[in-house]
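Quick look at run04.pdb (PDB, C-alpha atoms and all ligand atoms):
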ATOM      1  CA  MET A  18     163.323 259.664 428.625
ATOM      2  CA  SER A  19     163.898 257.528 431.645
ATOM      3  CA  ALA A  20     167.276 257.157 433.332
ATOM      4  CA  GLY A  21     167.015 253.375 433.066
ATOM      5  CA  PRO A  22     169.616 250.642 433.353
ATOM      6  CA  ALA A  23     171.731 251.870 430.431
ATOM      7  CA  SER A  24     172.468 255.288 431.938
ATOM      8  CA  ASP A  25     172.938 253.750 435.402
ATOM      9  CA  VAL A  26     175.542 251.387 433.983
ATOM     10  CA  THR A  27     177.279 254.345 432.359
ATOM     11  CA  ASN A  28     177.468 256.027 435.754
ATOM     12  CA  VAL A  29     178.863 252.931 437.424
ATOM     13  CA  VAL A  30     181.461 252.258 434.762
ATOM     14  CA  SER A  31     182.593 255.876 434.999
ATOM     15  CA  GLY A  32     182.934 255.368 438.755
ATOM     16  CA  GLN A  33     180.098 257.747 439.529
ATOM     17  CA  GLN A  34     177.488 256.258 441.886
ATOM     18  CA  PRO A  35     173.995 257.261 440.723
ATOM     19  CA  GLY A  36     172.005 259.411 443.136
ATOM     20  CA  LEU A  37     168.728 258.362 444.697
ATOM     21  CA  SER A  38     165.795 259.955 442.930
ATOM     22  CA  HIS A  39     163.055 257.319 442.972
ATOM     23  CA  VAL A  40     161.731 255.355 445.940
ATOM     24  CA  ALA A  41     158.995 252.756 445.506
ATOM     25  CA  ILE A  42     157.075 251.352 448.477
ATOM     26  CA  ILE A  43     154.929 248.277 449.053
ATOM     27  CA  MET A  44     152.811 249.641 451.905
ATOM     28  CA  ASP A  45     152.122 246.364 453.709
ATOM     29  CA  GLY A  46     150.736 245.576 457.147
ATOM     30  CA  ASN A  47     147.583 247.682 457.426
ATOM     31  CA  GLY A  48     145.455 244.620 458.238
ATOM     32  CA  ARG A  49     147.801 243.369 460.963
ATOM     33  CA  TRP A  50     148.052 246.855 462.454
ATOM     34  CA  ALA A  51     144.254 246.977 462.717
ATOM     35  CA  LYS A  52     143.908 243.412 464.005
ATOM     36  CA  ALA A  53     146.426 244.053 466.783
ATOM     37  CA  ARG A  54     144.103 246.836 468.001
ATOM     38  CA  GLY A  55     140.846 244.921 467.568
ATOM     39  CA  LEU A  56     139.829 247.256 464.720
ATOM     40  CA  PRO A  57     138.370 246.431 461.292
ATOM     41  CA  ARG A  58     140.897 246.118 458.469
ATOM     42  CA  ALA A  59     139.550 249.300 456.861
ATOM     43  CA  ALA A  60     140.746 251.234 459.916
ATOM     44  CA  GLY A  61     144.270 250.029 459.145
ATOM     45  CA  HIS A  62     143.942 251.293 455.574
ATOM     46  CA  GLU A  63     142.688 254.666 456.877
ATOM     47  CA  ARG A  64     145.776 254.972 459.038
ATOM     48  CA  GLY A  65     147.728 253.834 455.997
ATOM     49  CA  VAL A  66     146.598 256.938 454.129
ATOM     50  CA  GLU A  67     147.936 259.099 456.980
ATOM     51  CA  ALA A  68     151.246 257.256 456.716
ATOM     52  CA  LEU A  69     151.218 257.957 452.980
ATOM     53  CA  ARG A  70     150.703 261.696 453.630
ATOM     54  CA  ARG A  71     153.623 261.684 456.101
ATOM     55  CA  THR A  72     155.788 259.796 453.623
ATOM     56  CA  VAL A  73     155.119 262.178 450.716
ATOM     57  CA  GLU A  74     156.141 265.030 452.999
ATOM     58  CA  ALA A  75     159.200 263.158 454.294
ATOM     59  CA  ALA A  76     160.324 262.184 450.793
ATOM     60  CA  GLY A  77     160.180 265.837 449.741
ATOM     61  CA  ASN A  78     162.162 266.840 452.854
ATOM     62  CA  LEU A  79     164.819 264.259 452.032
ATOM     63  CA  GLY A  80     165.290 265.369 448.425
ATOM     64  CA  ILE A  81     163.565 262.414 446.779
ATOM     65  CA  ARG A  82     161.720 263.471 443.597
ATOM     66  CA  TYR A  83     159.815 260.310 442.673
ATOM     67  CA  LEU A  84     157.690 258.265 445.063
ATOM     68  CA  THR A  85     155.665 255.321 443.774
ATOM     69  CA  VAL A  86     153.369 253.420 446.136
ATOM     70  CA  PHE A  87     151.371 250.204 445.794
ATOM     71  CA  SER A  88     147.790 250.856 446.913
ATOM     72  CA  PHE A  89     145.683 248.180 445.245
ATOM     73  CA  SER A  90     146.843 245.216 443.220
ATOM     74  CA  THR A  91     145.016 243.369 440.464
ATOM     75  CA  GLU A  92     145.004 240.450 442.951
ATOM     76  CA  ASN A  93     143.371 242.514 445.731
ATOM     77  CA  TRP A  94     139.972 241.989 444.045
ATOM     78  CA  ARG A  95     140.039 238.628 445.871
ATOM     79  CA  ARG A  96     139.474 240.462 449.173
ATOM     80  CA  PRO A  97     135.982 240.860 450.673
ATOM     81  CA  ALA A  98     133.880 243.408 448.735
ATOM     82  CA  ALA A  99     133.648 245.663 451.808
ATOM     83  CA  GLU A 100     137.438 245.969 451.978
ATOM     84  CA  VAL A 101     137.744 246.573 448.223
ATOM     85  CA  ASN A 102     135.100 249.304 448.472
ATOM     86  CA  ALA A 103     136.878 250.835 451.460
ATOM     87  CA  LEU A 104     140.078 251.086 449.388
ATOM     88  CA  PHE A 105     138.196 252.749 446.512
ATOM     89  CA  SER A 106     136.616 255.210 448.960
ATOM     90  CA  LEU A 107     140.003 255.990 450.485
ATOM     91  CA  LEU A 108     141.550 256.745 447.101
ATOM     92  CA  LYS A 109     138.632 259.041 446.306
ATOM     93  CA  ALA A 110     138.831 260.766 449.681
ATOM     94  CA  TYR A 111     142.598 261.167 449.339
ATOM     95  CA  VAL A 112     142.295 262.835 445.923
ATOM     96  CA  GLN A 113     139.328 264.996 447.017
ATOM     97  CA  ARG A 114     141.055 266.168 450.160
ATOM     98  CA  ASP A 115     144.660 266.509 448.993
ATOM     99  CA  LEU A 116     144.479 267.448 445.311
ATOM    100  CA  SER A 117     144.484 271.234 445.718
ATOM    101  CA  ARG A 118     147.447 271.075 448.138
ATOM    102  CA  LEU A 119     149.392 268.676 445.931
ATOM    103  CA  LYS A 120     148.699 270.945 442.965
ATOM    104  CA  ARG A 121     149.916 274.005 444.857
ATOM    105  CA  GLU A 122     153.063 272.213 446.006
ATOM    106  CA  GLY A 123     154.074 271.241 442.456
ATOM    107  CA  VAL A 124     153.318 267.536 442.815
ATOM    108  CA  ARG A 125     152.494 265.651 439.635
ATOM    109  CA  VAL A 126     150.079 262.818 440.408
ATOM    110  CA  ARG A 127     149.941 259.743 438.248
ATOM    111  CA  ILE A 128     147.868 256.627 438.801
ATOM    112  CA  ILE A 129     149.259 253.506 437.154
ATOM    113  CA  GLY A 130     147.464 250.222 436.555
ATOM    114  CA  LEU A 131     144.338 249.142 434.751
ATOM    115  CA  ARG A 132     141.910 252.040 434.476
ATOM    116  CA  ASP A 133     139.237 249.721 433.038
ATOM    117  CA  GLY A 134     137.403 247.989 435.833
ATOM    118  CA  LEU A 135     137.578 250.931 438.238
ATOM    119  CA  PRO A 136     134.202 252.347 439.273
ATOM    120  CA  ALA A 137     133.342 255.308 437.010
ATOM    121  CA  ASP A 138     133.538 257.899 439.817
ATOM    122  CA  VAL A 139     136.985 256.673 440.912
ATOM    123  CA  ALA A 140     138.235 256.671 437.304
ATOM    124  CA  ALA A 141     136.900 260.219 436.786
ATOM    125  CA  LEU A 142     138.669 261.522 439.911
ATOM    126  CA  VAL A 143     141.885 259.821 438.942
ATOM    127  CA  ASP A 144     141.697 261.428 435.470
ATOM    128  CA  LYS A 145     141.068 264.805 437.109
ATOM    129  CA  ALA A 146     144.061 264.437 439.452
ATOM    130  CA  GLU A 147     146.344 263.572 436.543
ATOM    131  CA  ARG A 148     144.981 266.329 434.301
ATOM    132  CA  GLU A 149     145.176 269.075 436.921
ATOM    133  CA  THR A 150     148.734 268.244 437.972
ATOM    134  CA  ALA A 151     150.115 267.396 434.514
ATOM    135  CA  ALA A 152     152.260 270.538 434.342
ATOM    136  CA  ASN A 153     153.853 270.043 437.790
ATOM    137  CA  ASP A 154     157.430 268.856 438.038
ATOM    138  CA  THR A 155     158.673 269.440 441.600
ATOM    139  CA  PHE A 156     157.715 266.001 442.917
ATOM    140  CA  PHE A 157     156.238 262.949 441.202
ATOM    141  CA  LEU A 158     153.738 260.910 443.223
ATOM    142  CA  THR A 159     152.639 257.743 441.474
ATOM    143  CA  ILE A 160     149.931 255.563 442.972
ATOM    144  CA  ALA A 161     149.677 252.009 441.677
ATOM    145  CA  PHE A 162     145.994 251.187 441.863
ATOM    146  CA  ASN A 163     144.425 248.132 440.213
ATOM    147  CA  TYR A 164     148.023 247.450 439.252
ATOM    148  CA  GLY A 165     149.896 244.230 438.521
ATOM    149  CA  GLY A 166     153.393 244.098 437.052
ATOM    150  CA  ARG A 167     152.686 241.161 434.747
ATOM    151  CA  GLU A 168     149.450 242.749 433.527
ATOM    152  CA  GLU A 169     151.346 245.984 432.797
ATOM    153  CA  ILE A 170     154.038 244.124 430.846
ATOM    154  CA  ALA A 171     151.440 242.097 428.888
ATOM    155  CA  ARG A 172     149.529 245.312 428.079
ATOM    156  CA  ALA A 173     152.767 246.972 426.924
ATOM    157  CA  ALA A 174     153.559 243.935 424.743
ATOM    158  CA  ARG A 175     150.096 244.262 423.211
ATOM    159  CA  GLY A 176     150.787 247.947 422.515
ATOM    160  CA  VAL A 177     154.077 247.066 420.819
ATOM    161  CA  ALA A 178     152.414 244.293 418.767
ATOM    162  CA  GLU A 179     149.703 246.710 417.616
ATOM    163  CA  ALA A 180     152.270 249.379 416.711
ATOM    164  CA  VAL A 181     154.231 246.850 414.632
ATOM    165  CA  ALA A 182     151.079 245.440 412.990
ATOM    166  CA  GLU A 183     149.941 248.947 412.047
ATOM    167  CA  GLY A 184     153.367 249.856 410.660
ATOM    168  CA  ARG A 185     154.085 252.564 413.280
ATOM    169  CA  MET A 186     157.113 250.641 414.495
ATOM    170  CA  LYS A 187     159.483 248.019 413.093
ATOM    171  CA  ALA A 188     160.131 244.761 414.986
ATOM    172  CA  GLU A 189     163.847 245.563 415.088
ATOM    173  CA  GLU A 190     163.052 248.840 416.851
ATOM    174  CA  VAL A 191     161.774 246.949 419.910
ATOM    175  CA  THR A 192     164.475 247.528 422.519
ATOM    176  CA  GLU A 193     164.496 247.911 426.313
ATOM    177  CA  ALA A 194     164.216 251.678 425.851
ATOM    178  CA  THR A 195     161.355 251.659 423.334
ATOM    179  CA  PHE A 196     159.500 248.921 425.250
ATOM    180  CA  SER A 197     159.727 251.007 428.449
ATOM    181  CA  GLY A 198     157.819 253.721 426.607
ATOM    182  CA  PHE A 199     154.793 251.425 426.448
ATOM    183  CA  LEU A 200     154.725 250.881 430.218
ATOM    184  CA  ASP A 201     152.576 252.961 432.578
ATOM    185  CA  THR A 202     155.779 254.444 434.011
ATOM    186  CA  ASP A 203     156.884 255.928 430.670
ATOM    187  CA  GLY A 204     159.185 258.884 431.280
ATOM    188  CA  MET A 205     159.984 257.998 434.903
ATOM    189  CA  PRO A 206     163.402 256.800 436.085
ATOM    190  CA  ASP A 207     163.472 253.260 437.456
ATOM    191  CA  PRO A 208     163.222 252.993 441.259
ATOM    192  CA  ASP A 209     166.615 253.164 442.947
ATOM    193  CA  LEU A 210     165.169 251.753 446.140
ATOM    194  CA  LEU A 211     162.174 249.499 446.786
ATOM    195  CA  ILE A 212     160.932 249.346 450.370
ATOM    196  CA  ARG A 213     158.478 246.753 451.667
ATOM    197  CA  THR A 214     157.106 247.126 455.154
ATOM    198  CA  SER A 215     155.637 244.523 457.548
ATOM    199  CA  GLY A 216     158.473 242.002 457.457
ATOM    200  CA  GLU A 217     157.355 240.196 454.280
ATOM    201  CA  TYR A 218     159.987 239.396 451.654
ATOM    202  CA  ARG A 219     158.149 239.457 448.330
ATOM    203  CA  LEU A 220     157.705 241.718 445.304
ATOM    204  CA  SER A 221     154.023 240.757 444.977
ATOM    205  CA  ASN A 222     153.903 241.638 441.263
ATOM    206  CA  PHE A 223     154.986 245.270 441.845
ATOM    207  CA  LEU A 224     157.048 247.095 439.170
ATOM    208  CA  LEU A 225     158.583 243.849 437.906
ATOM    209  CA  TRP A 226     160.255 245.429 434.863
ATOM    210  CA  GLN A 227     161.242 248.678 436.579
ATOM    211  CA  CYS A 228     162.836 247.094 439.676
ATOM    212  CA  ALA A 229     165.330 244.968 437.719
ATOM    213  CA  TYR A 230     168.231 246.777 439.420
ATOM    214  CA  SER A 231     166.551 248.408 442.411
ATOM    215  CA  GLU A 232     168.003 247.927 445.866
ATOM    216  CA  LEU A 233     165.492 246.104 448.085
ATOM    217  CA  VAL A 234     164.962 247.035 451.721
ATOM    218  CA  PHE A 235     162.537 245.015 453.841
ATOM    219  CA  MET A 236     161.455 246.581 457.121
ATOM    220  CA  ASP A 237     159.668 245.134 460.154
ATOM    221  CA  VAL A 238     157.471 248.191 460.707
ATOM    222  CA  LEU A 239     153.758 247.937 459.814
ATOM    223  CA  TRP A 240     152.780 250.536 457.193
ATOM    224  CA  PRO A 241     150.479 252.681 459.421
ATOM    225  CA  ASP A 242     153.479 253.271 461.720
ATOM    226  CA  PHE A 243     155.813 254.352 458.892
ATOM    227  CA  ASP A 244     157.281 257.845 459.247
ATOM    228  CA  GLN A 245     160.239 260.007 458.244
ATOM    229  CA  ALA A 246     162.579 258.180 460.639
ATOM    230  CA  CYS A 247     161.706 254.869 458.920
ATOM    231  CA  LEU A 248     162.366 256.399 455.513
ATOM    232  CA  GLU A 249     165.700 257.742 456.751
ATOM    233  CA  ASP A 250     166.601 254.221 458.015
ATOM    234  CA  ALA A 251     165.845 252.795 454.580
ATOM    235  CA  LEU A 252     167.958 255.492 452.902
ATOM    236  CA  THR A 253     170.852 254.700 455.253
ATOM    237  CA  LYS A 254     170.652 251.025 454.248
ATOM    238  CA  TYR A 255     170.532 252.067 450.582
ATOM    239  CA  ARG A 256     173.689 254.181 450.938
ATOM    240  CA  GLU A 257     175.523 251.176 452.413
ATOM    241  CA  ARG A 258     174.846 249.189 449.232
ATOM    242  CA  GLU A 259     177.190 249.034 446.276
ATOM    243  CA  ARG A 260     175.223 249.303 443.041
ATOM    244  CA  ARG A 261     177.016 247.585 440.195
ATOM    245  CA  PHE A 262     174.265 246.949 437.600
ATOM    246  CA  GLY A 263     176.145 243.840 436.502
ATOM    247  CA  ALA A 264     179.381 245.764 435.938
ATOM    248  CA  VAL A 265     182.715 245.490 437.802
ATOM    249  CA  LEU A 266     183.480 248.648 439.735
ATOM    250  CA  PRO A 267     186.665 250.533 438.818
ATOM    251  CA  GLY A 268     189.519 249.330 441.056
ATOM    252  CA  ALA A 269     187.854 245.994 441.894
ATOM    253  CA  VAL A 270     189.949 242.827 441.395
TER     254      VAL A 270
HETATM  255  C1  LIG A 301     148.604 245.937 452.338
HETATM  256  O1  LIG A 301     148.282 245.706 453.690
HETATM  257  C2  LIG A 301     148.018 247.184 451.938
HETATM  258  C3  LIG A 301     147.087 247.311 450.955
HETATM  259  C4  LIG A 301     146.575 246.175 450.179
HETATM  260  C5  LIG A 301     146.512 248.607 450.651
HETATM  261  C6  LIG A 301     147.431 249.779 450.804
HETATM  262  C7  LIG A 301     146.582 250.977 450.953
HETATM  263  C8  LIG A 301     146.852 252.046 451.692
HETATM  264  C9  LIG A 301     148.129 252.259 452.387
HETATM  265  C10 LIG A 301     145.855 253.092 451.867
HETATM  266  C11 LIG A 301     145.236 253.461 450.610
HETATM  267  C12 LIG A 301     145.891 254.623 449.997
HETATM  268  C13 LIG A 301     145.307 255.222 448.971
HETATM  269  C14 LIG A 301     145.882 256.439 448.389
HETATM  270  C15 LIG A 301     144.099 254.621 448.406
HETATM  271  P1  LIG A 301     147.396 244.451 454.043
HETATM  272  O2  LIG A 301     145.984 244.883 454.057
HETATM  273  O3  LIG A 301     147.689 243.336 453.102
HETATM  274  O4  LIG A 301     147.904 244.152 455.473
HETATM  275  P2  LIG A 301     148.134 242.709 456.124
HETATM  276  O5  LIG A 301     149.155 242.018 455.288
HETATM  277  O6  LIG A 301     148.624 243.046 457.490
HETATM  278  O7  LIG A 301     146.807 242.025 456.131
END

Mind turning this structure into structure tokens?
Amino acid sequence: MSAGPASDVTNVVSGQQPGLSHVAIIMDGNGRWAKARGLPRAAGHERGVEALRRTVEAAGNLGIRYLTVFSFSTENWRRPAAEVNALFSLLKAYVQRDLSRLKREGVRVRIIGLRDGLPADVAALVDKAERETAANDTFFLTIAFNYGGREEIARAARGVAEAVAEGRMKAEEVTEATFSGFLDTDGMPDPDLLIRTSGEYRLSNFLLWQCAYSELVFMDVLWPDFDQACLEDALTKYRERERRFGAVLPGAV
């Protein structure tokens, strides 16, 4: 089960600072990167995929085991159809081009968010990526696509309500831990660190439940320019933080 808040608090109370295993990233700034170069927004997203490839590699180099990235939000449907289609095409191209390598390297791919509403070919590829990497456990790459935190929580609540109505679960068994099991991130630890690029200071409906105690790092770099050095900067900032999870650290007044 996930190493959620309860186990993190245990670590803190015992004076043992939890390690960093899960980094989540809001990959923002593709549009501005493209605009600054007189290019169409889709070109920024294309370069964004290259930055994602670099970041997966960098995360592995730096000993991170879980990387979760925000690629398409439930609100992104409000963008022009051409841009939405470009993002679908990029996800497809990414899976088609990288799946065999990810498989070989022990990466487990998971796509979180609403599967309904995705074009059938995208949904089929996403299913294939998850199926073919299901046994991998070296690195966990999770792509949030057609994802919204509130939608995920509402869907989980619906799952809990159905389980109770059908007698599979009792109302008193609904706890933080059992509820987490109904989320798309079931089985994953909560993010230790959430990075947002492009100088914006918002969560934008990303991992609202899971980031309850994540450290937040906002960076001025635009996502297509993100690289290992940027990730190392974010990790340095993370290490300077004191994670208390609501507790008082041993020795504090
Ligand atoms: C935010 O930048 C970025 C997105 C909405 C899409 C993120 C997508 C990628 C990094 C590439 C896709 C990757 C896969 C695997 C499909 P923005 O467009 O809002 O930039 P702006 O704020 O500068 O306009």

Check your understanding: Could you list, as a PyMOL selection string, all the residues within 7 Å of ligand LIG 301 (chain A), counting only C-alpha atoms and all ligand atoms?
Key -> chain A and resi 44-50+58+62-63+65-66+69+87-89+93+104-105+107-108+111+160+240

Review point. When you draw a straight line from atom CA of A:Tyr255 to atom CA of A:Leu225, how long is it in Å?
Key: 19.3 Å

Review point. Given the file above and the PyMOL selection byres (((chain A and resi 191) around 12) and not hetatm), which residues are selected, and can you give them as a list in words?
Key: Ala173, Ala174, Gly176, Val177, Ala178, Ala180, Val181, Arg185, Met186, Lys187, Ala188, Glu189, Glu190, Thr192, Glu193, Ala194, Thr195, Phe196, Ser197, Gly198 and Phe199 of chain A

**Study point:** Picked residues, the PyMOL selection byres (((chain A and resi 85) around 8) and not hetatm), as a ChimeraX atom specification
**Key:** /A:39-42,83-84,86-87,158-161

Check your understanding: With only C-alpha atoms as the atoms that count, which of A:Arg121, A:Phe162, A:Val73, A:Val112 lies nearest to A:Glu147?
Key -> A:Val112

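Nearest to A:Pro136 of all the residues A:Asn163, A:Ser215, A:Ser117, A:Thr150 is A:Asn163, based on all atoms listed in the file.
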
Check your understanding: Where does the PyMOL selection byres (((chain A and resi 166) around 9) and not hetatm) land in this file, that is, which residues does it pick, as a VMD selection string?
Key -> chain A and resid 130 164 to 165 167 to 171 221 to 226

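Between atom CA of A:Ala98 and atom CA of A:Arg114 lies a distance of 23.9 Å.
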
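With all atoms listed in the file as the atoms that count, the residue of A:Asn153, A:Gln113, A:Asn102, A:Thr253 with the shortest distance to A:Glu232 is A:Thr253.
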
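Among the candidates A:Glu67, A:Asp250, A:Glu259, A:Asp154, the one nearest to A:Arg127 when counting all atoms listed in the file is A:Asp154.
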
Review point. Quick one, how far is atom CA of A:Leu37 from atom CA of A:Arg118?
Key: 25.0 Å

Take every atom of stretch 249-267 of chain A listed in the file, pad by 4 Å on each side, and give me the axis-aligned box centre and edge lengths in Å, one decimal, as AutoDock Vina command-line options.
--center_x 176.2 --center_y 250.8 --center_z 447.0 --size_x 29.0 --size_y 21.9 --size_z 30.1

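By all atoms listed in the file, and with residues fewer than 5 positions from A:Arg258 along its chain excluded, the set lying at most 12 Å from it is Gln34, Pro35, Leu37, Asp209, Leu210, Ser231, Glu232, Leu233, Val234, Ala251, Leu252 and Thr253 of chain A.
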